[in-house]
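*Asks:* So that we are looking at the same thing, I have put the structure below in structure tokens.
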Amino acid sequence: MITNDILAKAEKLKKLLEQANYEYYVLNNPSITDYEYDMHMKELQALEVQYPELADVNSPSQRVGSDLNQAFTQVQHRYPMLSLSNVYSVEELRDFDTRIRKVVSDVSYVCELKFDGTAIGITYQNGEMVRAVTRGDGVKGDDVTANVRTIRSIPLKLRGNDFPADFEVRGEIILPHASFNRLNAEREEIGEQPFANPRNAAAGTLKMQNSSVVAKRGLDCYLYFLNGDQLPTESHYCNLLSMRSWGFKVSEHAMLCTTIEEVVAFIERWDEERHNLPYDTDGVVIKVDSLAHQVELGFTAKSPRWAVAYKFKAEQASTKLLSVDFQVGRTGAITPVANLEPVQLAGTTVKRASLHNADQIELLDLRINDYVLVEKGGEIIPKVVGVDMDRRGSGLVPFKYITHCPECGTLLVREEGEAKHFCPNDAECPPQIVGRLEHFISRKAMNIDGLGSETAELVYREGLIRDIADLYNLEVEQLKNLERMGAKSASNIIKSIENSKQVPFERVLYALGIRYVGEVTAKKLAAHFKSIDSLMAAPYEELLQVEEVGEKIAESIIHHFKEPKNVEQLERLRANGVQMVIKEVARASDKLNNFTFVISGTFEIARDEIKSLIEENGGKVVSSISGNLSYLVVGENMGPAKLEKANKLGTKMISLSELKDLINS
Ligand code: IVH
């Protein structure tokens, strides 16, 4: 039976945790440590497992999401989700102002940043989140409530008591640059197509079926509009302030303006300053402040007459396409690159721009000597986005994509589902060999720092080596006569090649350059298989059991070791003393002898580090909780299923610092 004390305790913990969330994610000003947060969360989770009566979809413990696949149901919007009409110049903006002043003379505007993400409408009843719906077609959208609950800057329960009993907030779900970059790096590492920009990534994430994955992606949300019958004030700006007081994240950059000149100044300021924001914006939204005026102005079929979006110009330039180069990467992937007549764009001179692949070139109907539009978007390398057809000269012929490798002449292949063409001649195609060499010597791989990329290429071109394994047969005598080399640098190179024989197996595995096996995957594979021989012998099913390894990676590994030349190269590396097994860890103590551990949740240090710590002190880390487990090491956001099992079995739970105490005791 649940007692009032337990109820009060749970209520108190929930308040405390939501307050901590609010301080951290909305105010950017935390007042408790992560450790305290974790301990409170652990306590609440334990109570919720013990007393199912406490079940509450808006409990802070729900923010970790669920592993169960969800199907999205379609929901009708109570207030249609319209879009805004756009203007692209100050002139058009002044026309908007003139139109407004014909209807309402004494007007104030609210200027806001236009967040570049995906729109959301969230309904609150009696201060609690009940539903979150995407725009969809504006009339109906997808119910994505479970995913939205995981976004920590969005309140599950409101603060204060002056909110309407039933209302909807509208806002934009965004993926800040830091989260976007991290996500794309992870995707590239596992061989998945990176997202083109944060907007696509935010929209894609919001529609994922597994909310526990959404919880980890780092989405954020700015709220910018209120819909409902009993709104707190008659001014949009004051409503924004009320929303903020209820716990919503409302941009601090919204500004109330009384003249169109002030609006123009706001736009000019943010056209510059937006580059310093940690998220994407693509314009400024200008709204009539008075709700009474808004009603008077009304709507067209598609958008409100009382608001407009001023869109920033994507930084573009027009220039002549001189030629197209084809680069061959280390995996044989072909990338077309445009050579352009030099042009100024956003403060730099652009001479080359990305063309992506054959489909893109065909889509643009590109021809040599065309005037093309280049754009600097969120990406670092500018890209060709269009052709200025008005300036197309006569007699230009459609561009023909290459059929053979520009470096070695081999017929190119295009695998099903791949956007890019590949040169299959990996054994002899020079840029592929040089690319693999550069990868092999790079800092995160073998770290052969004496040998830079350029020298590596030179050594190859001079015929001193044919592949990575030959590096270990190089001699000072051969190197010292090379261009811009002397006896000293030559002997440094040989020394750093020699030192690389100590590089641990996990980095050797990464250095081998097996397609899709990035740094993290190599680490997981090394930890699981311990040696190259057991990795080579591993059947497909066992590879799939390794964390981070999916079908694509497993197939790539099998494929790699099926090639006799790869195995032969590996044997030469091994014969030269390169590490092909993981070194047994040095024992720090026997304090954890005969103890077994499961590590669960996220910690301030990597899980691998905790694992090493346990093993160095004689303990063993296992993957699942059982009756004879010694300890469960608990971090943040531990899955509820694990917690339930641990509680059922009466498993002892400890934090990371308690683990350290155990070792130091
Ligand atoms: S107000 C009826 N304010 O831009 C008023 N929209 O192209 C509805 N957006 O649908 C929108 N930042 O997804 C508003 N500060 C902001 C915004 C904003 C981004 C998005 C929103 C809207 C789209 C219109």
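Identifiers in this document derive from the order of the structure tokens: chains are assigned A, B, ..., residues are numbered from 1 separately in each chain, and ligands are numbered from 1 in order of occurrence.
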Which protein, DNA or RNA residues have an atom within 9 Å of ligand 1, counting only C-alpha atoms and all ligand atoms, as a ChimeraX atom specification?
*Replies:* /A:80-86,111-120,135,170-173,222-225,251,254,281-287,303-304,306-309
*Asks:* Neighbouring residues of range 185-189 of chain A were defined as those with any atom within 12 Å, considering only C-alpha atoms; residues of the same chain fewer than 2 positions away were excluded. Please report them as an NGL selection string.
*Replies:* :A and (178-183 or 191-196 or 201 or 217 or 510 or 513-522 or 548-550 or 552-553)
*Asks:* Selected residues, N, CA, C and O atoms, written as a tab-separated table (two decimals), in the first residue's frame, please.
*Replies:*
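Below is the file that was written, out08.tsv:
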```
chain	number	residue	atom	x	y	z
A	178	ALA	N	26.34	22.06	-31.98
A	178	ALA	CA	27.20	21.09	-31.28
A	178	ALA	C	26.62	19.68	-31.39
A	178	ALA	O	27.33	18.72	-31.70
A	179	SER	N	25.30	19.56	-31.18
A	179	SER	CA	24.67	18.24	-31.26
A	179	SER	C	24.68	17.74	-32.69
A	179	SER	O	24.87	16.55	-32.94
A	180	PHE	N	24.45	18.66	-33.64
A	180	PHE	CA	24.42	18.29	-35.06
A	180	PHE	C	25.78	17.72	-35.49
A	180	PHE	O	25.86	16.67	-36.13
A	181	ASN	N	26.85	18.42	-35.10
A	181	ASN	CA	28.18	17.97	-35.50
A	181	ASN	C	28.51	16.62	-34.89
A	181	ASN	O	29.08	15.74	-35.55
A	182	ARG	N	28.13	16.45	-33.63
A	182	ARG	CA	28.41	15.18	-32.96
A	182	ARG	C	27.65	14.04	-33.66
A	182	ARG	O	28.20	12.99	-33.97
A	183	LEU	N	26.38	14.30	-33.95
A	183	LEU	CA	25.53	13.29	-34.59
A	183	LEU	C	26.10	12.89	-35.95
A	183	LEU	O	26.21	11.70	-36.27
A	191	GLY	N	29.25	4.60	-41.17
A	191	GLY	CA	28.95	4.43	-42.59
A	191	GLY	C	27.56	4.85	-42.98
A	191	GLY	O	27.06	4.45	-44.02
A	192	GLU	N	26.91	5.67	-42.14
A	192	GLU	CA	25.58	6.15	-42.53
A	192	GLU	C	25.70	7.54	-43.13
A	192	GLU	O	26.58	8.31	-42.78
A	193	GLN	N	24.79	7.84	-44.04
A	193	GLN	CA	24.77	9.13	-44.71
A	193	GLN	C	24.58	10.24	-43.67
A	193	GLN	O	23.62	10.20	-42.91
A	194	PRO	N	25.47	11.22	-43.61
A	194	PRO	CA	25.25	12.31	-42.65
A	194	PRO	C	24.04	13.17	-43.07
A	194	PRO	O	23.68	13.18	-44.24
A	195	PHE	N	23.42	13.86	-42.09
A	195	PHE	CA	22.32	14.77	-42.41
A	195	PHE	C	22.89	16.00	-43.12
A	195	PHE	O	23.99	16.46	-42.80
A	196	ALA	N	22.12	16.53	-44.09
A	196	ALA	CA	22.60	17.66	-44.87
A	196	ALA	C	22.69	18.93	-44.04
A	196	ALA	O	23.57	19.75	-44.24
A	201	ALA	N	18.04	17.17	-39.78
A	201	ALA	CA	18.37	16.28	-38.66
A	201	ALA	C	17.31	16.40	-37.57
A	201	ALA	O	16.88	15.39	-36.99
A	217	ARG	N	19.79	12.63	-28.63
A	217	ARG	CA	20.28	13.43	-29.76
A	217	ARG	C	20.55	14.90	-29.45
A	217	ARG	O	21.17	15.59	-30.22
A	510	TYR	N	41.99	0.24	-36.35
A	510	TYR	CA	41.45	1.44	-36.99
A	510	TYR	C	42.34	1.83	-38.18
A	510	TYR	O	41.86	2.15	-39.27
A	513	GLY	N	42.14	0.63	-41.96
A	513	GLY	CA	41.28	1.30	-42.93
A	513	GLY	C	40.19	0.41	-43.50
A	513	GLY	O	39.81	0.54	-44.66
A	514	ILE	N	39.68	-0.51	-42.70
A	514	ILE	CA	38.55	-1.34	-43.14
A	514	ILE	C	37.35	-0.40	-43.28
A	514	ILE	O	37.08	0.39	-42.38
A	515	ARG	N	36.68	-0.50	-44.41
A	515	ARG	CA	35.59	0.45	-44.68
A	515	ARG	C	34.56	0.42	-43.54
A	515	ARG	O	34.15	-0.66	-43.11
A	516	TYR	N	34.15	1.57	-43.09
A	516	TYR	CA	33.14	1.78	-42.03
A	516	TYR	C	33.64	1.46	-40.62
A	516	TYR	O	32.89	1.61	-39.66
A	517	VAL	N	34.88	0.97	-40.48
A	517	VAL	CA	35.38	0.73	-39.13
A	517	VAL	C	36.12	1.97	-38.65
A	517	VAL	O	37.28	2.19	-38.96
A	518	GLY	N	35.40	2.82	-37.92
A	518	GLY	CA	35.98	4.05	-37.38
A	518	GLY	C	36.65	3.76	-36.06
A	518	GLY	O	36.75	2.62	-35.63
A	519	GLU	N	37.07	4.85	-35.43
A	519	GLU	CA	37.79	4.75	-34.16
A	519	GLU	C	37.01	3.99	-33.09
A	519	GLU	O	37.54	3.11	-32.42
A	520	VAL	N	35.74	4.40	-32.91
A	520	VAL	CA	34.94	3.82	-31.84
A	520	VAL	C	34.67	2.34	-32.11
A	520	VAL	O	34.83	1.48	-31.23
A	521	THR	N	34.30	2.05	-33.37
A	521	THR	CA	34.01	0.66	-33.72
A	521	THR	C	35.26	-0.21	-33.52
A	521	THR	O	35.17	-1.33	-33.01
A	522	ALA	N	36.42	0.32	-33.92
A	522	ALA	CA	37.66	-0.45	-33.76
A	522	ALA	C	37.90	-0.78	-32.29
A	522	ALA	O	38.29	-1.90	-31.94
A	548	GLU	N	27.66	-1.27	-31.60
A	548	GLU	CA	28.04	-0.38	-32.70
A	548	GLU	C	28.15	-1.10	-34.05
A	548	GLU	O	28.30	-0.46	-35.08
A	549	VAL	N	28.17	-2.43	-34.06
A	549	VAL	CA	28.35	-3.14	-35.33
A	549	VAL	C	27.00	-3.56	-35.89
A	549	VAL	O	26.28	-4.34	-35.27
A	550	GLY	N	26.65	-3.01	-37.04
A	550	GLY	CA	25.42	-3.40	-37.73
A	550	GLY	C	25.77	-4.22	-38.95
A	550	GLY	O	26.95	-4.57	-39.16
A	552	LYS	N	25.98	-3.51	-42.12
A	552	LYS	CA	26.88	-2.91	-43.08
A	552	LYS	C	28.35	-3.08	-42.65
A	552	LYS	O	29.21	-3.44	-43.46
A	553	ILE	N	28.61	-2.84	-41.37
A	553	ILE	CA	29.98	-2.95	-40.87
A	553	ILE	C	30.41	-4.42	-40.87
A	553	ILE	O	31.53	-4.75	-41.29
```
*Asks:* For each of A:Glu416, A:Asp56, A:Gln344, A:Ile368, take the minimum atom-to-atom distance to Leu396 in chain A, counting only C-alpha atoms, then give the residue where this is smallest.
*Replies:*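 Using only C-alpha atoms, the shortest distance to Leu396 in chain A belongs to A:Ile368.
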*Asks:* Residues within 8 Å of Pro60 in chain A, please, as a list in words. Count only C-alpha atoms; anything in the same chain fewer than 2 positions from it doesn't count.
*Replies:*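 In the requested format, the answer is Lys14, Leu17, Glu18, Asn58, Gln62, Arg63 and Leu156 of chain A.
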*Asks:* Report as a ChimeraX atom specification all protein, DNA and RNA residues lying within 12 Å of Ala588 in chain A, evaluated on only C-alpha atoms, omitting residues in the same chain fewer than 4 positions from it.
*Replies:* /A:592-593,612-619,663-664
*Asks:* Based on the selection just made, write C-alpha atoms of those residues as a PDB file, in the first residue's frame.
*Replies:*
```pdb
ATOM      1  CA  LEU A 592      37.926  -6.229  -6.836  1.00  0.00           C
ATOM      2  CA  ASN A 593      39.012  -9.865  -7.174  1.00  0.00           C
ATOM      3  CA  SER A 612      39.335  -0.566 -17.408  1.00  0.00           C
ATOM      4  CA  LEU A 613      39.291   0.718 -13.834  1.00  0.00           C
ATOM      5  CA  ILE A 614      37.386  -2.364 -12.684  1.00  0.00           C
ATOM      6  CA  GLU A 615      39.579  -4.768 -14.640  1.00  0.00           C
ATOM      7  CA  GLU A 616      42.821  -3.148 -13.518  1.00  0.00           C
ATOM      8  CA  ASN A 617      41.747  -3.885  -9.973  1.00  0.00           C
ATOM      9  CA  GLY A 618      40.858  -7.498 -10.588  1.00  0.00           C
ATOM     10  CA  GLY A 619      37.107  -7.196 -11.169  1.00  0.00           C
ATOM     11  CA  ILE A 663      38.993   0.477  -4.792  1.00  0.00           C
ATOM     12  CA  ASN A 664      40.692   2.978  -2.505  1.00  0.00           C
TER      13      ASN A 664
END
```
*Asks:* Please report, as a short mmCIF file (atom, residue, chain, number, x, y, z; two decimals) with N, CA and C atoms, in the first residue's frame, each residue of range 610-650 of chain A to which DSSP assigns helix (DSSP H, G or I) when run on this structure's backbone.
*Replies:*
```cif
data_model
loop_
_atom_site.label_atom_id
_atom_site.label_comp_id
_atom_site.auth_asym_id
_atom_site.auth_seq_id
_atom_site.Cartn_x
_atom_site.Cartn_y
_atom_site.Cartn_z
N ILE A 610 35.63 3.19 -17.09
CA ILE A 610 35.16 2.55 -15.86
C ILE A 610 35.48 1.06 -15.93
N LYS A 611 35.27 0.51 -17.14
CA LYS A 611 35.54 -0.91 -17.34
C LYS A 611 37.02 -1.20 -17.06
N SER A 612 37.90 -0.36 -17.63
CA SER A 612 39.34 -0.57 -17.41
C SER A 612 39.66 -0.47 -15.92
N LEU A 613 39.05 0.52 -15.27
CA LEU A 613 39.29 0.72 -13.83
C LEU A 613 38.95 -0.55 -13.05
N ILE A 614 37.81 -1.14 -13.38
CA ILE A 614 37.39 -2.36 -12.68
C ILE A 614 38.36 -3.50 -12.98
N GLU A 615 38.70 -3.65 -14.25
CA GLU A 615 39.58 -4.77 -14.64
C GLU A 615 40.99 -4.62 -14.08
N GLU A 616 41.48 -3.37 -14.07
CA GLU A 616 42.82 -3.15 -13.52
C GLU A 616 42.89 -3.54 -12.04
N PRO A 640 14.80 1.88 -17.33
CA PRO A 640 13.88 1.42 -16.28
C PRO A 640 13.82 -0.11 -16.16
N ALA A 641 14.03 -0.81 -17.30
CA ALA A 641 13.94 -2.27 -17.26
C ALA A 641 15.06 -2.85 -16.38
N LYS A 642 16.27 -2.28 -16.57
CA LYS A 642 17.42 -2.74 -15.78
C LYS A 642 17.17 -2.47 -14.30
N LEU A 643 16.64 -1.29 -14.03
CA LEU A 643 16.39 -0.90 -12.65
C LEU A 643 15.41 -1.85 -11.99
N GLU A 644 14.38 -2.18 -12.76
CA GLU A 644 13.35 -3.07 -12.22
C GLU A 644 13.95 -4.44 -11.89
N LYS A 645 14.78 -4.93 -12.80
CA LYS A 645 15.40 -6.24 -12.59
C LYS A 645 16.30 -6.21 -11.35
N ALA A 646 17.10 -5.13 -11.26
CA ALA A 646 18.02 -5.02 -10.13
C ALA A 646 17.25 -4.98 -8.81
N ASN A 647 16.15 -4.24 -8.83
CA ASN A 647 15.33 -4.15 -7.61
C ASN A 647 14.75 -5.51 -7.24
N LYS A 648 14.28 -6.22 -8.25
CA LYS A 648 13.68 -7.53 -8.03
C LYS A 648 14.69 -8.49 -7.42
N LEU A 649 15.92 -8.45 -7.96
CA LEU A 649 16.94 -9.39 -7.49
C LEU A 649 17.68 -8.88 -6.25
#
```
*Asks:* May I have the residues within 12 Å of range 317-321 of chain A as an MDAnalysis selection string, using only C-alpha atoms and disregarding those fewer than 4 positions away in the same chain?
*Replies:* chainID A and resid 313 325 337:355 366:376 382:389 391:393 396 399
*Asks:* What is the CA of Leu437 in chain A to CA of Asp608 in chain A distance in Å?
*Replies:* 28.7 Å
*Asks:* Per DSSP on the backbone, filter range 97-291 of chain A down to the residues in strand (DSSP E or B) and report them as a PyMOL selection string.
*Replies:* chain A and resi 109-115+118-125+128-134+140-143+157+166-174+220-228+235+255-257+281-288+290
*Asks:* What is the distance, in Å and to one decimal place, between CA of Gln209 in chain A and CA of Leu68 in chain A?
*Replies:*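 Pair CA of Gln209 in chain A / CA of Leu68 in chain A returns 7.8 Å.
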*Asks:* Give the answer as one residue: which of A:Gly650, A:Gly635, A:Gly204, A:Gly463 has the shortest atom-to-atom distance to Met41 in chain A, using only C-alpha atoms?
*Replies:*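 Of all the options, A:Gly635 lies closest to Met41 in chain A.
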*Asks:* Would you compute the distance between CA of Gln19 in chain A and CA of Leu175 in chain A? Give it in Å to one decimal.
*Replies:* 22.8 Å
